[in-house]
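Notes for the one structure printed next.
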Protein chains: 4
Amino acid sequence: MTEFVSGRHFLQTPGPTNLPDRVMRAMDRNAINHRGPEFGVLGREVVAKLRWVFQTTATIGIFPASGTGAWEAALLNTLVPGDRILISRTGQFAHLWEQMALRLGLEVVPLETDWRRGADPLAIGAALAEDQEHRIKAVCVVHSETSTSCMTDVPAVRHAMARAKHPALLMVDAISSLGCADYRHDEWEVDVTVAGSQKGLMVPPGLGFTAISEKALAAARAGGSRRSYWDWAPLVTANKTGYFPYTPAINLLFGLNEAVAMMQEEGLPALFARHRRYAEATRLAARTWGLDLQCADPAACAPGVTAIRTPEGHSADRLRAVILERFNMSLGNGLGRIEDRVFRIGHMGDLGVLSLIGALAGVEMGLQAAGVPHHPGGAQAAMNFLAAPG
Amino acid sequence: MTEFVSGRHFLQTPGPTNLPDRVMRAMDRNAINHRGPEFGVLGREVVAKLRWVFQTTATIGIFPASGTGAWEAALLNTLVPGDRILISRTGQFAHLWEQMALRLGLEVVPLETDWRRGADPLAIGAALAEDQEHRIKAVCVVHSETSTSCMTDVPAVRHAMARAKHPALLMVDAISSLGCADYRHDEWEVDVTVAGSQKGLMVPPGLGFTAISEKALAAARAGGSRRSYWDWAPLVTANKTGYFPYTPAINLLFGLNEAVAMMQEEGLPALFARHRRYAEATRLAARTWGLDLQCADPAACAPGVTAIRTPEGHSADRLRAVILERFNMSLGNGLGRIEDRVFRIGHMGDLGVLSLIGALAGVEMGLQAAGVPHHPGGAQAAMNFLAAPG
Amino acid sequence: MTEFVSGRHFLQTPGPTNLPDRVMRAMDRNAINHRGPEFGVLGREVVAKLRWVFQTTATIGIFPASGTGAWEAALLNTLVPGDRILISRTGQFAHLWEQMALRLGLEVVPLETDWRRGADPLAIGAALAEDQEHRIKAVCVVHSETSTSCMTDVPAVRHAMARAKHPALLMVDAISSLGCADYRHDEWEVDVTVAGSQKGLMVPPGLGFTAISEKALAAARAGGSRRSYWDWAPLVTANKTGYFPYTPAINLLFGLNEAVAMMQEEGLPALFARHRRYAEATRLAARTWGLDLQCADPAACAPGVTAIRTPEGHSADRLRAVILERFNMSLGNGLGRIEDRVFRIGHMGDLGVLSLIGALAGVEMGLQAAGVPHHPGGAQAAMNFLAAPG
Amino acid sequence: MTEFVSGRHFLQTPGPTNLPDRVMRAMDRNAINHRGPEFGVLGREVVAKLRWVFQTTATIGIFPASGTGAWEAALLNTLVPGDRILISRTGQFAHLWEQMALRLGLEVVPLETDWRRGADPLAIGAALAEDQEHRIKAVCVVHSETSTSCMTDVPAVRHAMARAKHPALLMVDAISSLGCADYRHDEWEVDVTVAGSQKGLMVPPGLGFTAISEKALAAARAGGSRRSYWDWAPLVTANKTGYFPYTPAINLLFGLNEAVAMMQEEGLPALFARHRRYAEATRLAARTWGLDLQCADPAACAPGVTAIRTPEGHSADRLRAVILERFNMSLGNGLGRIEDRVFRIGHMGDLGVLSLIGALAGVEMGLQAAGVPHHPGGAQAAMNFLAAPG
């Protein structure tokens with residue numbers, strides 16, 4: 001954009017999300033010695049805060065990496081080439097996880113979906129039941145598929161595994177759900193949860209998080225693939241001392257520390273309720289416009305992002321380009337097999353009611369400017385919904 | 001507010017206005033020696049930039065003060081106790097100017113208005129015509145009355161003065177118009193223009209500006225009241241060297257330098273057109289709600305602020321309190337004789353279309369939440385208007 | 001400076017002083033509505049904090065102005081043209097105060113000094129004793145003369161006034177002492193203390209402070225000169241509500257709030273001891289270099305600034321220019337009658353031991369680079385002194 | 001540190017280094033859509049800038065990772081388990097690289113050193129000459145061993161390889177030399193250079209960089225180990241488009257963009273000369289103190305860091321603790337086999353002459369405070385050296 005544009009850009013992608021001023025200011029300071037006493041305090045503090053977010057007492061990993069790196073760590077620490085994993089193909093991020101697994105030498109047992117719903121616990125249970133020899137070593141699901149805005153019911157998956165009495169590890173990608181939707185690493189008996197900094201956690205991209213059960217740690221101790229950077233072995237000690245085995249991304253940790261402090265001020269119940277409310281308002285707008293949600297299962301709509309389909313023959317990417325140019329707003333694009341067919345509105349993290357309405361107004365004005373058939377009134381419908389106390 | 005509120009506060013007061021990130025970052029640095037060479041460069045640069053904003057080659061004053069201080073400087077430098085000035089009582093800021101003049105020992109010839117329109121050039125002309133002895137030494141008008149959102153036609157006032165062949169100085173308060181509405185200090189032959197940092201100029205409060213004609217400077221040299229802090233005498237030299245006769249508000253000047261750079265990137269025509277467009281959208285919303293504008297003269301509505309009247313019996317302050325608490329937005333309050341009768345929406349400075357719609361949505365939701373009778377659809381009307389290319 | 005210079009500039013002027021990162025970050029946020037509830041809390045908080053700094057329960061004024069403005073307020077509120085004030089001519093800032101008084105129509109009874117010591121309490125007492133008719137309405141002294149780095153003993157001045165049983169108001173300029181040296185507005189029975197933001201208070205320039213005794217307030221209520229901007233009348237209420245009668249310099253107040261919070265963390269005794277220690281180290285360096293201090297009275301050396309004389313025939317300004325160009329450090333220049341004869345090292349506010357030594361090293365290297373005769377070893381002497389626990 | 005400490009912390013570790021204000025401010029902004037047009041511009045710009053730093057036209061990798069991650073990428077992309085690499089054991093970072101190689105299944109041919117000099121090109125040549133079957137696939141050297149402050153002569157290593165007509169890849173860790181010492185990826189025919197953000201590049205930790213020759217890229221295309229996160233395959237395209245195959249660490253890239261802009265303003269020759277000068281001043285101080293440098297080869301002393309040995313029986317860690325507590329400065333600790341035997345002074349990146357002297361003064365005062373035998377005058381010797389024009 002060479003032309004001057006007044007006012008704040010509306011960053012409504014499903015990650016990176018809007019950075020609160022407090023988080024940006026917390027990062028705006030000199031680095032500190034990562035081997036000095038001040039860092040140890042910080043390190044222990046961010047571990048404790050992430051445990052609060054993951055609702056866990058498990059071992060925590062914080063990697064200078066994108067969330068993808070934390071995925072890779074999960075696979076490398078617990079599995080060896082030739083191991084089989086079960087993946088539900090719920091969207092682009094499940095697809096990328098599968099591709100990674102194949103590159104790392106794993107075998108993948110895929111379960112298809114139409115990318116319009118979460119993983120099917122019954123299908124997972126059935127696949128596990130068939131696996132009498134327990135060759136499947138891990139069940140991998142994406143809690144909130146950022147590409148489709150569909151949620152998977154993680155407790156139901158865990159129940160299906162229990163019913164099948166199958167010993168596989170349960171691995172969950174919570175990258176775009178953590179900090180938006182209730183997520184209970186311990187209560188749900190998840191073995192490895194993977195997350196990142198740039199979505200519900202309101203920190204710039206560059207940190208990959210993981211919560212690791214005792215069972216997963218034991219699997220890592222007993223074997224796993226060749227690894228160095230991603231090795232979990234030093235984490236148990238690092239969690240206690242606050243010092244990392246590598247140079248940590250210090251300033252991003254300053255930001256993380258402040259961001260979770262904000263989440264603690266809001267409180268998890270309020271945080272989750274707010275996201276549900278924003279998602280409901282967004283879906284009301286979409287319905288009013290007469291546009292289809294990518295998520296076809298009403299019970300599975302994500303709280304942090306809403307993927308909306310443009311009518312047949314209307315490019316979602318062109319719509320997004322018009323909105324960017326005319327209304328100074330960034331939306332998420334369609335990925336993989338739904339490229340150019342959906343646009344995604346991120347409503348995660350630091351966001352107020354009036355900004356959400358402004359964003360929905362921008363979509364509605366963009367639909368008109370781009371000539372995409374729709375009924376007006378979506379932003380108004382969201383307003384009517386949001387005018388009532390939350 | 002002790003309760004946590006997510007997302008950006010909507011600061012829609014008519015000053016202070018939203019500070020662009022670039023301006024805040026420019027101020028976020030150590031101070032510099034105000035007698036060193038780096039400061040001289042900065043001082044000359046901000047003088048040149050303010051001249052661009054005032055559309056003038058006149059002498060520029062930059063006081064560490066609020067805009068009120070620049071007013072006081074105007075009166076003290078050019079007038080002596082007992083001098084008579086003509087003031088059009090167009091609103092609260094004209095009223096405060098009058099009060100100041102009285103406290104400084106001046107006599108005031110007031111021209112009444114109903115606070116719903118700008119100053120009347122005909123009335124000014126008539127008053128001057130009556131003043132055969134030229135006892136009136138200055139005509140004082142407020143370009144954009146921030147309290148009522150009514151504009152005064154400054155060139156028409158100047159023409160009225162010319163027709164009356166009256167030698168009084170023309171003094172204009174452009175505090176809430178500079179940077180929002182076309183303002184031509186030289187072309188309009190204004191003698192003293194007074195402005196401040198925290199409105200269209202997008203800088204925090206703390207700087208008072210003035211542009212001073214040769215005629216006004218000559219009056220100051222010839223006399224004026226006792227003065228020290230506000231003395232204009234050192235300004236001519238200071239404009240050349242870039243050094244001020246007192247410790248300048250260095251970091252605010254860093255902000256000013258960046259803010260006017262942004263205005264120069266946008267360009268004055270685009271800047272003024274944008275403000276007109278936002279004001280029109282805001283008035284469309286008000287009309288749709290069925291609420292009266294405080295400004296009863298359609299030709300005089302201000303581009304930077306819109307004062308809206310609540311229906312009889314409905315407190316504007318309660319409405320603002322509900323909006324602040326429920327929707328995290330600050331609006332301007334009614335001042336003086338229209339206290340609690342109007343609320344004011346600021347749409348000056350750094351503001352995008354989607355934020356404006358969010359703000360109008362917040363007003364509309366607030367009207368509903370506070371039980372103020374209105375027709376819905378105001379934000380939608382603004383959207384419809386703003387969806388068309390600007 | 002068009003050439004690239006690596007590393008932090010050493011800002012060792014006696015104001016503006018180095019802004020702590022915490023203070024800069026506190027100012028790096030959007031403004032807030034100065035008539036909303038959040039502002040009231042801030043306003044009351046900064047008043048309480050300034051009282052702590054002034055060691056007073058008196059009425060506090062905070063003007064969007066330089067410290068000079070707070071001076072002008074002191075004179076205008078309590079005196080009328082023709083009133084007589086006693087000023088001790090201790091340096092350039094006393095001189096400027098005198099000039100201001102004359103411009104405001106006051107008569108000045110001056111007491112001469114050689115600009116190398118503080119005001120003489122005995123001389124003040126004698127002058128008051130002579131003033132049988134009590135025509136002198138105020139005694140004005142500068143606590144720390146920033147131009148000479150000499151302190152005046154304020155309690156001794158008050159005792160001299162008491163001994164003379166003279167009813168004049170005692171007015172003190174504490175601009176460069178507040179936050180560096182012990183200052184007790186109440187215990188010392190000062191009537192008006194004037195200060196600014198950009199020295200010991202570690203905030204950018206742009207705020208003028210004042211503490212006002214009941215006696216001074218009563219004088220203001222009873223009369224004083226014509227005034228508007230500087231009027232103290234609204235302060236009593238403003239101190240209670242936290243709201244100011246004009247648009248306050250909001251972001252500077254954010255900075256002030258954080259700066260005094262830092263001072264409170266350090267504690268006044270530690271703060272004053274630190275400044276005394278830095279001043280002693282600086283004088284040790286000067287003595288080692290064989291250079292004269294401008295302050296000829298060892299008991300009167302200021303804790304926040306040290307003015308050092310260059311040998312006859314050696315330009316202090318050239319020395320400063322060499323130091324700026326070669327070593328990226330700003331020092332204070334000689335003012336008024338000692339222009340080009342002294343350079344001033346500021347050691348106020350946010351400053352650590354190693355930075356102070358770096359600054360002294362820069363002076364020593366500058367003396368060498370500029371060919372100013374001196375003995376080396378000054379920085380080393382300061383190191384030896386500072387190596388011992390403080 | 002719970003006690004209040006005034007003034008700027010002296011961060012004199014050899015990474016993280018001091019972040020320039022410009023770099024911190026550049027990162028202090030909202031993230032942007034990493035798939036939008038603005039990001040592509042940024043991505044291409046940082047690639048071009050890194051090429052300038054590496055003095056190369058090669059393919060550039062930028063990983064959200066510590067420098068260690070870029071190492072791991074180098075090994076995984078070009079080698080398969082069982083491959084043999086030659087590593088010169090010059091210090092702790094060479095040691096860690098070796099450990100990583102072993103964990104990834106590689107065989108290591110080590111060349112010992114006493115950790116007090118760089119790698120020996122003759123020894124490397126001899127080892128390669130013996131390797132008639134060309135089983136050694138890569139020669140790995142550390143350009144500046146951060147743990148010992150010894151440089152390896154990379155062109156000499158390349159010449160030794162050429163003389164031995166050995167086809168192994170040349171891999172260089174330039175983590176603490178890039179941006180401090182002349183480094184010529186192309187001219188020296190290095191195959192893989194690895195670097196990080198937090199040393200000479202003046203950005204917080206969190207980015208790993210690599211420059212990759214055509215030969216290395218070809219090796220990667222032809223094989224290498226199983227990999228996903230670290231795969232170089234997408235880099236060629238990413239270098240052209242500016243888009244990364246994963247979510248990039250956006251705000252760190254903002255910082256990188258500004259940091260290299262600053263380096264370009266200074267220019268590489270000035271940048272390198274400045275670092276050499278600071279290192280020389282630091283060694284002068286050490287020699288004056290009578291302390292041994294860890295680097296025993298005068299021709300191999302690093303420009304960015306100086307490791308100094310404490311006398312036998314005197315703990316370097318206790319010295320550092322005293323310096324941290326008493327003088328608010330962080331120094332680097334001894335690592336691995338020289339733990340507690342050396343302390344390291346970082347003088348990389350954004351650093352001015354006066355800060356360097358302050359740092360050396362802090363070491364000298366710390367030696368005294370900790371009772372470490374030494375001769376005073378080290379800081380003075382550095383001053384004398386630095387007083388002369390650079």
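We label chains A, B, ... in the order they appear in the structure tokens, count residues from 1 in each chain, and number ligands from 1 in the order shown.
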(request) Using only C-alpha atoms, select each residue of chain C with any atom at most 9 Å away from an atom of chain B, and give the selection as a PyMOL selection string. (result) chain C and resi 1+9+11-13+15-21+24-25+27-38+63-69+72+99-101+103-105+203-207+226-229+246-252+330-333
(message) So that I can see what lies close to Tyr278 in chain D, please list as a list in words the residues with an atom at most 9 Å from it, counting only C-alpha atoms and leaving out residues fewer than 3 positions away in the same chain.
(response)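 The neighbour list is Ala273, Arg274, His275, Ala281, Thr282, Arg283, Pro303, Gly304, His347, Met348, Val353, Leu356, Ala382 and Leu386 of chain D.
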Dump of N, CA and C atoms for the selected residues, as a CSV table (one decimal), in the first residue's frame:
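The result, stored in selection_13.csv:
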chain,number,residue,atom,x,y,z
D,273,ALA,N,35.6,-1.9,11.7
D,273,ALA,CA,36.7,-1.2,12.3
D,273,ALA,C,36.3,-0.8,13.7
D,274,ARG,N,35.1,-0.4,13.9
D,274,ARG,CA,34.6,-0.1,15.3
D,274,ARG,C,34.7,-1.3,16.2
D,275,HIS,N,34.3,-2.5,15.7
D,275,HIS,CA,34.4,-3.6,16.6
D,275,HIS,C,35.9,-4.0,16.9
D,281,ALA,N,40.7,-2.1,22.7
D,281,ALA,CA,40.6,-1.4,23.9
D,281,ALA,C,40.3,-2.3,25.1
D,282,THR,N,39.5,-3.3,24.9
D,282,THR,CA,39.2,-4.3,25.9
D,282,THR,C,40.4,-5.1,26.3
D,283,ARG,N,41.1,-5.5,25.3
D,283,ARG,CA,42.4,-6.3,25.5
D,283,ARG,C,43.4,-5.5,26.3
D,303,PRO,N,36.5,-9.9,17.5
D,303,PRO,CA,36.2,-8.4,17.6
D,303,PRO,C,35.0,-8.2,18.4
D,304,GLY,N,34.2,-9.2,18.7
D,304,GLY,CA,32.9,-9.0,19.3
D,304,GLY,C,32.8,-9.3,20.8
D,347,HIS,N,31.2,-6.9,23.3
D,347,HIS,CA,31.3,-5.6,22.8
D,347,HIS,C,30.8,-5.6,21.4
D,348,MET,N,29.7,-6.2,21.2
D,348,MET,CA,29.1,-6.3,19.9
D,348,MET,C,27.9,-5.4,19.7
D,353,VAL,N,31.5,4.4,22.6
D,353,VAL,CA,32.8,4.5,23.3
D,353,VAL,C,32.6,4.6,24.8
D,356,LEU,N,31.3,1.6,26.5
D,356,LEU,CA,32.4,0.6,26.6
D,356,LEU,C,33.3,0.9,27.8
D,382,ALA,N,42.2,1.9,28.4
D,382,ALA,CA,41.3,1.9,27.3
D,382,ALA,C,40.9,3.3,26.9
D,386,LEU,N,41.2,5.0,23.3
D,386,LEU,CA,40.0,5.4,22.6
D,386,LEU,C,39.9,6.9,22.4
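The two atoms in question, CA of Asn77 in chain D and CA of Ile212 in chain D, are spaced 10.6 Å apart.
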(request) Skip Arg341 in chain B itself and residues of its chain fewer than 4 positions away, then list as an MDAnalysis selection string all residues within 9 Å of it, counting only C-alpha atoms. (result) chainID B and resid 308:317 333:335 337
